[in-house]
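K.L.:
The structure file query-v1.cif (mmCIF, C-alpha atoms and all ligand atoms) is provided below.
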```
data_upload
loop_
_atom_site.label_atom_id
_atom_site.label_comp_id
_atom_site.auth_asym_id
_atom_site.auth_seq_id
_atom_site.Cartn_x
_atom_site.Cartn_y
_atom_site.Cartn_z
CA MET A 1 -14.83 19.59 70.25
CA THR A 2 -12.95 21.92 72.52
CA ASP A 3 -11.26 25.25 72.09
CA ARG A 4 -8.07 23.93 73.64
CA LYS A 5 -5.21 24.41 71.20
CA PRO A 6 -3.46 21.14 70.42
CA LEU A 7 0.03 20.82 71.88
CA MET A 8 2.61 18.52 70.30
CA VAL A 9 5.72 17.93 72.37
CA GLY A 10 8.78 16.01 71.24
CA ASN A 11 10.60 14.42 74.16
CA TRP A 12 13.99 13.59 72.71
CA LYS A 13 15.13 11.85 75.91
CA MET A 14 18.93 11.26 75.95
CA ASN A 15 19.37 11.59 72.18
CA ALA A 16 21.15 14.05 69.87
CA ASN A 17 24.14 16.27 70.57
CA HIS A 18 23.72 20.01 70.08
CA LEU A 19 24.82 19.96 66.43
CA GLU A 20 22.34 17.23 65.61
CA ALA A 21 19.69 19.09 67.58
CA ILE A 22 20.17 22.21 65.46
CA GLN A 23 19.71 20.19 62.28
CA MET A 24 16.62 18.47 63.63
CA VAL A 25 14.92 21.72 64.54
CA GLN A 26 15.84 23.30 61.19
CA LYS A 27 14.33 20.34 59.35
CA LEU A 28 11.20 20.45 61.48
CA PHE A 29 10.85 24.17 60.86
CA TYR A 30 11.08 23.75 57.07
CA ARG A 31 8.37 21.13 57.11
CA LEU A 32 5.80 23.21 58.98
CA ASP A 33 3.88 26.22 57.68
CA LEU A 34 1.87 29.07 59.18
CA GLU A 35 -1.35 27.10 59.26
CA ASP A 36 0.37 24.40 61.30
CA TYR A 37 1.54 26.88 63.93
CA ASP A 38 -1.88 28.46 64.04
CA ARG A 39 -3.51 25.12 64.66
CA ALA A 40 -1.03 23.52 67.03
CA ASP A 41 1.66 24.55 69.49
CA VAL A 42 4.94 22.75 68.85
CA VAL A 43 7.56 22.14 71.53
CA VAL A 44 10.81 20.20 71.43
CA ALA A 45 12.47 19.01 74.63
CA PRO A 46 16.11 18.16 73.91
CA PRO A 47 18.77 17.26 76.48
CA PHE A 48 20.02 20.24 78.53
CA THR A 49 23.20 20.46 76.42
CA SER A 50 21.21 21.64 73.39
CA LEU A 51 19.03 24.26 75.02
CA ARG A 52 21.34 27.23 74.51
CA SER A 53 22.02 26.41 70.84
CA LEU A 54 18.33 25.92 70.13
CA GLN A 55 17.38 29.08 72.01
CA ILE A 56 19.64 31.09 69.71
CA LEU A 57 18.46 29.28 66.57
CA ILE A 58 14.77 29.73 67.41
CA GLU A 59 15.21 33.39 68.30
CA THR A 60 17.40 34.26 65.30
CA ASP A 61 15.14 32.60 62.76
CA HIS A 62 11.88 33.63 64.48
CA MET A 63 10.71 30.05 64.66
CA ARG A 64 7.36 29.37 66.28
CA ILE A 65 8.77 26.33 68.00
CA GLY A 66 8.81 26.24 71.78
CA LEU A 67 11.65 24.95 73.89
CA GLY A 68 11.09 22.35 76.57
CA ALA A 69 13.28 20.73 79.21
CA GLN A 70 13.09 17.13 80.35
CA ASN A 71 13.81 17.63 84.01
CA VAL A 72 14.53 20.25 86.66
CA HIS A 73 15.60 20.52 90.29
CA TRP A 74 13.17 22.07 92.74
CA GLN A 75 15.68 24.40 94.43
CA GLU A 76 16.61 27.67 92.78
CA SER A 77 20.35 27.28 93.39
CA GLY A 78 22.81 25.71 95.80
CA ALA A 79 24.98 22.69 96.44
CA PHE A 80 23.21 20.18 94.20
CA THR A 81 25.96 18.87 91.94
CA GLY A 82 24.72 17.95 88.51
CA GLU A 83 21.33 19.59 88.81
CA VAL A 84 19.71 22.42 86.83
CA SER A 85 17.20 24.86 88.33
CA ALA A 86 13.96 26.31 87.00
CA PRO A 87 15.24 29.92 86.87
CA MET A 88 18.20 28.69 84.78
CA LEU A 89 15.82 27.10 82.31
CA LYS A 90 13.60 30.17 82.23
CA LYS A 91 16.63 32.25 81.30
CA LEU A 92 17.09 30.01 78.24
CA ASP A 93 13.52 30.78 77.12
CA VAL A 94 12.33 27.32 78.07
CA GLY A 95 8.54 27.39 78.20
CA HIS A 96 7.68 23.82 79.17
CA VAL A 97 9.32 21.43 81.60
CA ILE A 98 8.53 17.72 81.79
CA VAL A 99 8.15 16.53 85.38
CA GLY A 100 7.54 13.04 86.67
CA HIS A 101 8.31 11.16 83.48
CA SER A 102 8.02 7.44 84.21
CA GLU A 103 11.67 6.93 83.27
CA ARG A 104 12.65 9.35 86.02
CA ARG A 105 10.29 7.73 88.47
CA GLU A 106 11.63 4.27 87.60
CA HIS A 107 15.37 4.85 87.10
CA PHE A 108 15.99 7.82 89.36
CA GLY A 109 13.64 7.14 92.24
CA GLU A 110 11.37 10.12 91.77
CA THR A 111 8.40 9.91 94.08
CA ASP A 112 5.10 11.77 93.87
CA ALA A 113 6.45 14.12 96.55
CA ILE A 114 9.53 14.97 94.47
CA VAL A 115 7.43 15.39 91.35
CA GLY A 116 5.15 17.78 93.24
CA LYS A 117 8.12 19.89 94.36
CA LYS A 118 9.46 20.07 90.80
CA LEU A 119 6.05 21.02 89.45
CA LYS A 120 5.78 23.89 91.92
CA ALA A 121 9.31 25.09 91.09
CA VAL A 122 8.41 25.20 87.39
CA LEU A 123 5.24 27.19 88.09
CA ALA A 124 7.14 29.56 90.38
CA ALA A 125 9.55 30.30 87.52
CA GLU A 126 6.58 31.04 85.24
CA MET A 127 6.98 28.04 82.96
CA THR A 128 4.49 25.28 82.14
CA PRO A 129 5.03 21.91 83.80
CA ILE A 130 4.11 18.86 81.74
CA LEU A 131 3.17 16.42 84.47
CA CYS A 132 3.52 12.79 83.34
CA VAL A 133 1.35 10.09 84.87
CA GLY A 134 0.57 6.53 83.90
CA GLU A 135 0.19 2.99 85.13
CA THR A 136 2.37 -0.09 84.71
CA LEU A 137 1.14 -3.11 82.77
CA GLU A 138 0.64 -4.96 86.04
CA GLN A 139 -1.53 -2.15 87.38
CA ARG A 140 -3.57 -2.01 84.16
CA GLU A 141 -4.17 -5.75 84.23
CA ALA A 142 -5.26 -5.48 87.84
CA GLY A 143 -7.82 -2.83 86.84
CA GLU A 144 -5.95 -0.13 88.74
CA ALA A 145 -5.17 2.31 85.91
CA GLU A 146 -7.76 4.88 86.96
CA THR A 147 -6.84 4.91 90.62
CA VAL A 148 -3.10 5.06 89.92
CA VAL A 149 -3.46 7.98 87.53
CA THR A 150 -5.89 9.83 89.80
CA SER A 151 -3.60 9.48 92.77
CA GLN A 152 -0.52 10.60 90.80
CA VAL A 153 -2.31 13.72 89.56
CA THR A 154 -3.76 14.52 92.97
CA ALA A 155 -0.40 14.06 94.71
CA ALA A 156 1.51 16.25 92.26
CA LEU A 157 -1.07 19.04 92.38
CA LYS A 158 -1.39 18.98 96.18
CA GLY A 159 -0.65 22.41 97.58
CA VAL A 160 -0.82 24.15 94.19
CA ASP A 161 -3.09 27.20 94.19
CA PRO A 162 -6.29 26.13 92.35
CA LEU A 163 -5.90 28.98 89.89
CA ASP A 164 -2.28 28.04 89.17
CA VAL A 165 -3.45 24.59 88.10
CA SER A 166 -4.51 26.28 84.86
CA GLY A 167 -0.82 26.55 84.03
CA VAL A 168 -0.23 22.80 84.13
CA VAL A 169 -0.26 20.35 81.21
CA ILE A 170 -0.85 16.70 82.06
CA ALA A 171 0.41 13.84 79.92
CA TYR A 172 -1.09 10.39 80.23
CA GLU A 173 1.67 7.95 79.41
CA PRO A 174 0.86 4.32 80.19
CA ILE A 175 4.28 2.87 81.01
CA TRP A 176 3.70 -0.29 79.01
CA ALA A 177 3.15 1.79 75.87
CA ILE A 178 6.38 3.79 76.11
CA GLY A 179 8.97 2.81 73.52
CA THR A 180 7.28 -0.52 72.96
CA GLY A 181 5.43 0.16 69.72
CA ARG A 182 2.32 -0.84 71.61
CA THR A 183 -0.17 1.98 72.20
CA ALA A 184 -3.14 2.27 74.46
CA LEU A 185 -6.42 1.87 72.62
CA PRO A 186 -7.58 5.39 71.73
CA ASP A 187 -10.83 4.74 73.61
CA ASP A 188 -8.97 3.71 76.75
CA ALA A 189 -6.60 6.68 76.50
CA GLY A 190 -9.55 9.01 75.97
CA LEU A 191 -11.26 7.59 79.03
CA ILE A 192 -8.23 8.13 81.24
CA ALA A 193 -7.77 11.64 79.82
CA GLY A 194 -11.35 12.36 80.90
CA ILE A 195 -10.62 11.02 84.36
CA ILE A 196 -7.55 13.28 84.54
CA ARG A 197 -9.78 16.25 83.67
CA GLU A 198 -12.22 15.26 86.43
CA THR A 199 -9.32 15.03 88.86
CA VAL A 200 -8.21 18.53 87.85
CA LEU A 201 -11.78 19.70 88.44
CA ASN A 202 -11.64 18.30 91.97
CA VAL A 203 -8.60 20.40 92.84
CA SER A 204 -9.53 23.56 90.93
CA ASN A 205 -12.70 24.66 89.16
CA SER A 206 -14.63 23.89 86.00
CA GLU A 207 -13.03 26.65 83.97
CA VAL A 208 -9.53 25.47 84.80
CA ALA A 209 -10.47 21.85 84.18
CA SER A 210 -12.02 22.54 80.81
CA ASN A 211 -8.97 24.54 79.70
CA THR A 212 -6.32 22.09 80.87
CA ASN A 213 -4.34 20.47 78.08
CA VAL A 214 -4.24 16.70 78.48
CA LEU A 215 -1.78 14.85 76.24
CA TYR A 216 -1.38 11.22 75.34
CA GLY A 217 2.09 9.65 75.13
CA GLY A 218 3.31 6.15 74.38
CA SER A 219 4.36 4.96 70.90
CA VAL A 220 2.63 7.86 69.15
CA ASN A 221 3.53 7.99 65.46
CA ALA A 222 2.38 9.54 62.20
CA GLY A 223 0.02 6.62 61.62
CA ASN A 224 -1.87 6.64 64.92
CA ILE A 225 -1.94 10.30 66.01
CA LYS A 226 -5.28 11.03 64.34
CA ASP A 227 -7.04 8.31 66.33
CA PHE A 228 -5.86 9.83 69.60
CA MET A 229 -6.63 13.41 68.59
CA ALA A 230 -10.19 12.36 67.74
CA LYS A 231 -10.86 11.76 71.44
CA GLU A 232 -12.68 14.52 73.26
CA HIS A 233 -10.30 14.81 76.19
CA ILE A 234 -6.99 14.36 74.34
CA ASP A 235 -5.48 17.69 73.30
CA GLY A 236 -2.09 16.68 72.01
CA ALA A 237 0.76 14.25 72.30
CA LEU A 238 4.03 13.73 74.13
CA VAL A 239 6.11 11.96 71.53
CA GLY A 240 9.35 10.07 72.17
CA GLY A 241 10.96 8.02 69.41
CA ALA A 242 8.95 9.45 66.52
CA SER A 243 9.92 13.01 67.46
CA LEU A 244 13.57 12.26 66.62
CA ASP A 245 12.61 12.08 62.95
CA PRO A 246 11.65 15.62 61.84
CA ASP A 247 9.59 14.27 58.92
CA GLN A 248 7.53 12.08 61.15
CA PHE A 249 7.20 14.63 63.93
CA ALA A 250 6.02 17.24 61.40
CA THR A 251 3.37 14.79 60.18
CA ILE A 252 2.25 14.30 63.78
CA VAL A 253 2.03 18.08 64.34
CA ARG A 254 -0.13 18.48 61.21
CA TYR A 255 -2.21 15.43 62.09
CA TRP A 256 -5.43 16.80 60.61
CA ARG A 257 -4.08 16.95 57.04
P1 LIG B 301 7.71 6.81 72.79
O1 LIG B 301 6.92 7.74 71.90
O2 LIG B 301 9.07 6.51 72.24
O3 LIG B 301 6.92 5.59 73.13
O4 LIG B 301 7.98 7.58 74.16
C1 LIG B 301 6.91 8.17 74.79
C2 LIG B 301 7.43 9.04 75.88
O5 LIG B 301 7.94 8.54 76.86
C3 LIG B 301 7.34 10.49 75.72
O6 LIG B 301 7.63 11.14 76.90
#
```
The structure in this file should be written as structure tokens.
P.N.:
Amino acid sequence: MTDRKPLMVGNWKMNANHLEAIQMVQKLFYRLDLEDYDRADVVVAPPFTSLRSLQILIETDHMRIGLGAQNVHWQESGAFTGEVSAPMLKKLDVGHVIVGHSERREHFGETDAIVGKKLKAVLAAEMTPILCVGETLEQREAGEAETVVTSQVTAALKGVDPLDVSGVVIAYEPIWAIGTGRTALPDDAGLIAGIIRETVLNVSNSEVASNTNVLYGGSVNAGNIKDFMAKEHIDGALVGGASLDPDQFATIVRYWR
């Protein structure tokens, strides 16, 4: 057991317009009660186009639901057509920003160096980066999962002040488990989560490492969340598809019931 508060994050990816997003958050809110919020932190990460609407909704109705973003640029402002900066997100009350998601690494050429710059920009704007790491199926089959994940974490945290590492959440998302309906075995995921914590220890200190939230992501649903949460080093989940259904996401958030 740990005293780390579970964190459940819904990564909506490129789904839902802002009107749909409002409905989804309202439904989620109605399905959760005070005990749920006391026991778990809940964050939804919609596309950028919904952030302003959800900021107003959450503030007006005093919802204990956090706002997340799926991406960010590392510069504060300038000639970067199509990009959004960390201070802009902060101004929208965004608390968490996903960096280094495997879909961005794969489809948009994000390297460890880019991911590291984004992570630092998020910290500088006083938000929490959710650093995503994970191996491909090929790498897993070659027995390289541990080294791949360790090197991704080390690279992204390079140059971050050891004390600032305490402000980082790390999500282990094996690429072969994302959107495939195939999950990692809870034991395997728990093992990698422990290795991530050791890696954090190597670049910070034991207090930071023991307080770092490590999430699992990859085909998490209402039926399997409990098995992952039972693992010592897994403190929450980064949920894709299942987070688009407020009923199912609420069941994931209140996984202990
Ligand atoms: P799925 O839950 O749809 O597999 O997606 C996981 C993910 O990529 C979350 O960031």
K.L.:
Can you tell me which residues come within 7 Å of ligand LIG 301 (chain B) when counting all atoms listed in the file, ideally as a list of chain:residue names?
P.N.:
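These are the residues that qualify: A:Asn11, A:His101, A:Glu173, A:Ala177, A:Ile178, A:Gly179, A:Thr180, A:Gly181, A:Gly217, A:Gly218, A:Ser219, A:Val220, A:Leu238, A:Val239, A:Gly240, A:Gly241, A:Ala242.
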K.L.:
What is the distance, in Å and to one decimal place, between CA of Thr154 in chain A and CA of Lys226 in chain A?
P.N.:
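For CA of Thr154 in chain A relative to CA of Lys226 in chain A, the distance reads 28.9 Å.
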K.L.:
Give the answer as one residue: which of A:Ile65, A:Glu138, A:Asp93, A:Pro47 has the shortest atom-to-atom distance to Tyr30 in chain A, using all atoms listed in the file?
P.N.:
A:Ile65
K.L.:
For a quick check of understanding, using only C-alpha atoms, which of A:Ser210, A:Thr147, A:Ser102, A:Asn205 has the smallest distance to Ile192 in chain A?
P.N.:
A:Thr147
K.L.:
Calculated over only C-alpha atoms, which of the candidates A:Pro246, A:Gly82, A:Pro46, A:Pro6 has the smallest distance to His18 in chain A?
P.N.:
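Of A:Pro246, A:Gly82, A:Pro46, A:Pro6, the one nearest His18 in chain A, counting only C-alpha atoms, is A:Pro46.
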K.L.:
Which residue, A:Ser85, A:Thr251, A:Asn71, A:Gln23, has the smallest gap to Ile58 in chain A when you use all atoms listed in the file?
P.N.:
A:Gln23
K.L.:
Measuring atom to atom with only C-alpha atoms, identify which of A:Val72, A:Met63, A:Ala145, A:Met127 is nearest to Phe48 in chain A.
P.N.:
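Looking only at the distances to Phe48 in chain A, the closest residue turns out to be A:Val72.
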K.L.:
From (21.6, 13.9, 68.8), in the file's coordinates, out to 12 Å: which residues are reached, counting only C-alpha atoms? Answer as a PyMOL selection string.
P.N.:
chain A and resi 12-25+45-50+243-245
K.L.:
Expressed in Å to a single decimal, how great is the separation between CA of Gln26 in chain A and CA of Asn224 in chain A?
P.N.:
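That distance, rounded to one decimal, is 24.6 Å.
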K.L.:
Could you pull the residues within 6 Å of range 131-135 of chain A, counting only C-alpha atoms, minus those fewer than 3 positions along the same chain, as a list of chain:residue names?
P.N.:
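Counting only the stated atoms, we get A:Val99, A:Gly100, A:His101, A:Gln139, A:Ala145, A:Val149, A:Ile170, A:Ala171, A:Tyr172, A:Glu173, A:Pro174, A:Ile175.
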K.L.:
Nearest to Arg105 in chain A: which of A:Val44, A:Leu28, A:Arg197, A:Gln152 is it, counting all atoms listed in the file?
P.N.:
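Using all atoms listed in the file, Arg105 in chain A sits closest to A:Gln152.
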K.L.:
Distance CA of Leu191 in chain A-CA of Ala209 in chain A, one decimal place?
P.N.:
15.2 Å
K.L.:
Using only C-alpha atoms, which residues of range 93-137 of chain A come within 9 Å of range 158-164 of chain A, and what is the closest atom pair for each, with the distance in Å to one decimal? Give it as JSON lines, sorted by chain and residue number.
P.N.:
```
{"residue": "A:Gly116", "atom": "CA", "partner": "A:Lys158", "partner_atom": "CA", "distance": 7.3}
{"residue": "A:Leu119", "atom": "CA", "partner": "A:Val160", "partner_atom": "CA", "distance": 8.9}
{"residue": "A:Lys120", "atom": "CA", "partner": "A:Val160", "partner_atom": "CA", "distance": 7.0}
{"residue": "A:Leu123", "atom": "CA", "partner": "A:Asp164", "partner_atom": "CA", "distance": 7.6}
```
K.L.:
Excluding range 166-169 of chain A and residues on its chain fewer than 5 positions from it, collect all residues at most 6 Å away from it, counting only C-alpha atoms, and give them as a ChimeraX atom specification.
P.N.:
/A:128-130,208,213
